[in-house]
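Take a look at the structure below.
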Amino acid sequence: MDKKSKKKHNNNWFQNKEGFIPSSVSVIVCWIFLLIEAFLLVEINVGLMKKKGKKEKDNDLKLVSIRTMAQETLGDWGGTLATVAYVFLGYSSMVAYISKSGEILFQLIDLPAPVSGCIFTALFTMLVSIWGTRATDQVNQYLTVSMIGLLLAIEVLAFVFGGWSGVGANSDWTKVPPTIPVIIFSLVFHDLAPFLCAYLEGDLRRIKASVFLGSLVPLAALLVWDAIALGLAAEAEQVVDPVELLYGLRWSGVSLMVGAFSLLAVGTSLIGTLLGFSEFFKEQLKNQTLQFPPTQK
């Protein structure tokens, strides 16, 4: 919501200055597309969950991974292609989160970026692997609430210093197409669909409600930040990163708030990736065990 090792890419989007109306319409259209896609994914996932039957152990999530979904609907080649794409996306995201968290911590506490990034990632990895899903969910909820609170505070300050002067400035629709991949990357959450379906035990109504309400939070935050960023950019004499303008405000506490928000955003995104990845590999290992059981002497 982060997302937000993705912030650097998001800033490039705002620097295009296509205007509030084109950019907001693009965001809403992408959100609708992603929401429909997510509903289709959860429909397939829950259907396959029911087909597989009940979970064997109370502590195990009955997860149907992206690979299994693709395998059941597209065949073995589809499962292989989905696995390669999913692992590549997860690996790339992890590298981005480690790099961004190290960069933020270096600015906040002056600890070398490679060291701080690895420590940050190791802490969340231990949270997921040692304390389990329930504890991780509670921590993630706390971090998300804190992140939203900081975001609201930052946006209020940005409004006070920048106003909404850039909202109606430009309306250049020709600059929309290059921003579409960035917008989708900022709003996408589909890698968590299998985990969400398993966590809510295949209750399709609750799952769809969670997907819809959960997707509204980043949508609203992105639209408000869109207006604020354009307002800040309008105050500048040249194209500039709106976040850099926030860092340059008179009150030094803004830079700390922005840094803390960015770190929380990276942390919540990292938790989602770790949960999805861990459950994905658990299912693959379980399938391999069932397919090739240990030989008895």
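Order determines the names: the first chain of the structure tokens is A, the second B, and so forth; residues in each chain are numbered 1 upward, and ligands are numbered 1 upward as they are shown.
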Report task. Extract, using only C-alpha atoms, all DNA, RNA and protein residues at most 12 Å from Ala221 of chain A, discarding same-chain residues fewer than 6 positions from it, and format them as a list in words. Result ->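 Near Ala221 of chain A, the qualifying residues are Met1, Asp2, Lys3, Ser24, Val27, Met147, Ile148, Gly149, Leu150, Leu151, Leu152, Ala153, Ile154, Glu155, Ser186, Leu187, Gly214, Ser215, Ala227, Ile228 and Ala229 of chain A.
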Resulting file, chosen residues, N, CA, C and O atoms, as a compact mmCIF listing (two decimals), in the first residue's frame:
# COMPACT_ATOMS: atom_id res chain seq x y z
N MET A 1 0.63 -0.59 0.00
CA MET A 1 0.00 0.00 0.00
C MET A 1 0.98 0.92 0.00
O MET A 1 1.50 1.07 0.55
N ASP A 2 1.15 0.30 -0.01
CA ASP A 2 2.61 0.46 0.04
C ASP A 2 3.15 1.05 -0.46
O ASP A 2 3.23 1.34 -0.73
N LYS A 3 3.23 -0.03 -0.72
CA LYS A 3 3.99 -0.71 -1.41
C LYS A 3 5.04 0.18 -1.38
O LYS A 3 4.87 1.02 -1.86
N SER A 24 -6.26 9.92 -12.11
CA SER A 24 -7.22 9.29 -11.21
C SER A 24 -8.11 8.31 -11.96
O SER A 24 -8.45 7.24 -11.45
N VAL A 27 -6.11 5.20 -12.44
CA VAL A 27 -6.03 4.43 -11.21
C VAL A 27 -7.32 3.64 -10.97
O VAL A 27 -7.29 2.44 -10.64
N MET A 147 0.58 2.57 9.75
CA MET A 147 0.95 3.10 8.45
C MET A 147 -0.12 4.04 7.90
O MET A 147 0.18 5.12 7.39
N ILE A 148 -1.39 3.63 8.03
CA ILE A 148 -2.49 4.47 7.55
C ILE A 148 -2.55 5.78 8.33
O ILE A 148 -2.77 6.86 7.77
N GLY A 149 -2.34 5.70 9.65
CA GLY A 149 -2.31 6.90 10.48
C GLY A 149 -1.23 7.87 10.04
O GLY A 149 -1.46 9.09 9.93
N LEU A 150 -0.03 7.34 9.80
CA LEU A 150 1.07 8.19 9.34
C LEU A 150 0.78 8.78 7.96
O LEU A 150 1.08 9.95 7.69
N LEU A 151 0.18 7.97 7.09
CA LEU A 151 -0.15 8.45 5.75
C LEU A 151 -1.13 9.62 5.81
O LEU A 151 -0.97 10.62 5.12
N LEU A 152 -2.15 9.49 6.66
CA LEU A 152 -3.12 10.57 6.81
C LEU A 152 -2.46 11.84 7.33
O LEU A 152 -2.74 12.95 6.86
N ALA A 153 -1.56 11.67 8.31
CA ALA A 153 -0.86 12.83 8.87
C ALA A 153 0.01 13.50 7.81
O ALA A 153 0.05 14.73 7.70
N ILE A 154 0.71 12.68 7.03
CA ILE A 154 1.57 13.22 5.98
C ILE A 154 0.75 13.96 4.93
O ILE A 154 1.12 15.04 4.46
N GLU A 155 -0.39 13.38 4.57
CA GLU A 155 -1.23 14.00 3.55
C GLU A 155 -1.84 15.30 4.04
O GLU A 155 -2.02 16.25 3.27
N SER A 186 1.45 -0.91 -8.18
CA SER A 186 1.15 -0.27 -6.90
C SER A 186 -0.10 -0.85 -6.24
O SER A 186 -0.22 -0.81 -5.02
N LEU A 187 -1.02 -1.37 -7.04
CA LEU A 187 -2.30 -1.84 -6.51
C LEU A 187 -2.41 -3.36 -6.44
O LEU A 187 -3.34 -3.87 -5.82
N GLY A 214 -10.35 -4.45 1.38
CA GLY A 214 -8.90 -4.28 1.48
C GLY A 214 -8.33 -3.50 0.31
O GLY A 214 -7.38 -2.73 0.47
N SER A 215 -8.90 -3.68 -0.88
CA SER A 215 -8.39 -2.96 -2.05
C SER A 215 -8.81 -1.50 -2.06
O SER A 215 -8.19 -0.67 -2.74
N ALA A 227 -3.52 13.68 -5.70
CA ALA A 227 -3.88 15.10 -5.64
C ALA A 227 -2.83 15.90 -4.89
O ALA A 227 -2.44 17.00 -5.31
N ILE A 228 -2.36 15.36 -3.76
CA ILE A 228 -1.36 16.07 -2.96
C ILE A 228 -0.05 16.22 -3.74
O ILE A 228 0.56 17.30 -3.75
N ALA A 229 0.38 15.15 -4.40
CA ALA A 229 1.64 15.19 -5.14
C ALA A 229 1.58 16.21 -6.28
O ALA A 229 2.53 16.95 -6.52
Report task. Write out as an MDAnalysis selection string each polymer residue whose atoms come within 12 Å of Ser129 of chain A, counting only C-alpha atoms; drop sequence neighbours fewer than 6 positions from it. Result -> chainID A and resid 122:123 135:136 271 274:275 277:279 282
Report task. Give the answer as one residue: which of A:Ile130, A:Ala158, A:Ala85, A:Ile109 has the shortest atom-to-atom distance to Asp226 of chain A, using only C-alpha atoms? Result ->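 Among A:Ile130, A:Ala158, A:Ala85, A:Ile109, it is A:Ala158 that comes nearest to Asp226 of chain A.
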Query raised in the report: Which residues come within 6 Å of segment 59-74 of chain A, counting only C-alpha atoms, excluding same-chain residues fewer than 3 positions away, as a ChimeraX atom specification?
Result: /A:55,78-79,82-83,194,198,280
**Report entry** Minimum-distance residue to Val211 of chain A, chosen among A:Ser23, A:Ala38, A:Ala265, A:Phe106 (using only C-alpha atoms)
**Finding:**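 Selected residue with least distance to Val211 of chain A: A:Ala38.
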Env of Leu143 of chain A: 10 Å cut, atoms = only C-alpha atoms, seq-sep filter 3 positions within chain, self excluded. Answer as a PDB file with N, CA, C and O atoms, in the first residue's frame.
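The new file selection23.pdb reads:
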ATOM      1  N   ASP A 137      -0.413 -12.154  11.528  1.00  0.00           N
ATOM      2  CA  ASP A 137      -1.594 -11.390  11.137  1.00  0.00           C
ATOM      3  C   ASP A 137      -1.854 -10.248  12.121  1.00  0.00           C
ATOM      4  O   ASP A 137      -2.162  -9.124  11.712  1.00  0.00           O
ATOM      5  N   GLN A 138      -1.705 -10.514  13.404  1.00  0.00           N
ATOM      6  CA  GLN A 138      -1.928  -9.466  14.406  1.00  0.00           C
ATOM      7  C   GLN A 138      -0.890  -8.353  14.275  1.00  0.00           C
ATOM      8  O   GLN A 138      -1.224  -7.166  14.350  1.00  0.00           O
ATOM      9  N   VAL A 139       0.367  -8.750  14.087  1.00  0.00           N
ATOM     10  CA  VAL A 139       1.427  -7.750  13.905  1.00  0.00           C
ATOM     11  C   VAL A 139       1.174  -6.934  12.642  1.00  0.00           C
ATOM     12  O   VAL A 139       1.318  -5.709  12.631  1.00  0.00           O
ATOM     13  N   ASN A 140       0.756  -7.605  11.586  1.00  0.00           N
ATOM     14  CA  ASN A 140       0.502  -6.919  10.319  1.00  0.00           C
ATOM     15  C   ASN A 140      -0.654  -5.923  10.449  1.00  0.00           C
ATOM     16  O   ASN A 140      -0.611  -4.830   9.873  1.00  0.00           O
ATOM     17  N   SER A 146      -0.962   1.656  11.879  1.00  0.00           N
ATOM     18  CA  SER A 146       0.050   2.703  12.107  1.00  0.00           C
ATOM     19  C   SER A 146       0.436   3.371  10.799  1.00  0.00           C
ATOM     20  O   SER A 146       0.598   4.604  10.730  1.00  0.00           O
ATOM     21  N   MET A 147       0.581   2.569   9.752  1.00  0.00           N
ATOM     22  CA  MET A 147       0.951   3.098   8.445  1.00  0.00           C
ATOM     23  C   MET A 147      -0.124   4.036   7.898  1.00  0.00           C
ATOM     24  O   MET A 147       0.182   5.120   7.386  1.00  0.00           O
ATOM     25  N   ILE A 148      -1.391   3.630   8.033  1.00  0.00           N
ATOM     26  CA  ILE A 148      -2.492   4.471   7.551  1.00  0.00           C
ATOM     27  C   ILE A 148      -2.551   5.780   8.333  1.00  0.00           C
ATOM     28  O   ILE A 148      -2.772   6.857   7.770  1.00  0.00           O
ATOM     29  N   GLY A 149      -2.337   5.698   9.655  1.00  0.00           N
ATOM     30  CA  GLY A 149      -2.314   6.904  10.476  1.00  0.00           C
ATOM     31  C   GLY A 149      -1.229   7.867  10.044  1.00  0.00           C
ATOM     32  O   GLY A 149      -1.461   9.088   9.930  1.00  0.00           O
ATOM     33  N   PHE A 261       6.768   5.918   7.714  1.00  0.00           N
ATOM     34  CA  PHE A 261       5.704   5.404   6.850  1.00  0.00           C
ATOM     35  C   PHE A 261       6.265   4.475   5.781  1.00  0.00           C
ATOM     36  O   PHE A 261       5.720   3.389   5.530  1.00  0.00           O
ATOM     37  N   LEU A 263       8.984   2.752   5.856  1.00  0.00           N
ATOM     38  CA  LEU A 263       9.463   1.507   6.468  1.00  0.00           C
ATOM     39  C   LEU A 263       8.300   0.585   6.816  1.00  0.00           C
ATOM     40  O   LEU A 263       8.367  -0.634   6.612  1.00  0.00           O
ATOM     41  N   LEU A 264       7.218   1.157   7.345  1.00  0.00           N
ATOM     42  CA  LEU A 264       6.025   0.353   7.642  1.00  0.00           C
ATOM     43  C   LEU A 264       5.417  -0.217   6.368  1.00  0.00           C
ATOM     44  O   LEU A 264       4.949  -1.365   6.345  1.00  0.00           O
ATOM     45  N   ALA A 265       5.415   0.590   5.314  1.00  0.00           N
ATOM     46  CA  ALA A 265       4.863   0.125   4.041  1.00  0.00           C
ATOM     47  C   ALA A 265       5.674  -1.032   3.489  1.00  0.00           C
ATOM     48  O   ALA A 265       5.122  -2.029   3.013  1.00  0.00           O
ATOM     49  N   GLY A 267       7.497  -3.034   5.279  1.00  0.00           N
ATOM     50  CA  GLY A 267       7.306  -4.156   6.202  1.00  0.00           C
ATOM     51  C   GLY A 267       6.024  -4.918   5.938  1.00  0.00           C
ATOM     52  O   GLY A 267       6.016  -6.161   5.903  1.00  0.00           O
ATOM     53  N   THR A 268       4.921  -4.202   5.749  1.00  0.00           N
ATOM     54  CA  THR A 268       3.643  -4.883   5.487  1.00  0.00           C
ATOM     55  C   THR A 268       3.669  -5.605   4.144  1.00  0.00           C
ATOM     56  O   THR A 268       3.111  -6.693   3.997  1.00  0.00           O
TER      57      THR A 268
END
Query raised in the report: Running DSSP on the backbone, which parts of segment 22-267 of chain A land in helix (DSSP H, G or I), as a ChimeraX atom specification?
Result: /A:22-52,66-74,76-109,113-162,173-175,177-187,190-199,204-235,242-247,253-267
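In this structure, atom CA of Ile21 of chain A sits 11.1 Å away from atom CA of Leu230 of chain A.
Residue nearest Gly117 of chain A, chosen from A:Leu270, A:Leu285, A:Ile44, A:Gly132 and counting only C-alpha atoms: A:Leu270.
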Query raised in the report: Restricting the calculation to only C-alpha atoms, which member of A:Asp110, A:Glu43, A:Asp172, A:Glu283 is positioned closest to Gly19 of chain A?
Result: A:Asp172
**Report entry** Given only C-alpha atoms as the counted atoms, nearest of A:Lys208, A:Lys286, A:Leu108, A:Asp191 to Val87 of chain A
**Finding:** A:Asp191
**Report entry** Closest of A:Gly47, A:Ser99, A:Leu35, A:Val115 to Leu213 of chain A - atom-to-atom distances counting only C-alpha atoms
**Finding:**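 Answer, going by the shortest atom-to-atom distance: A:Leu35.
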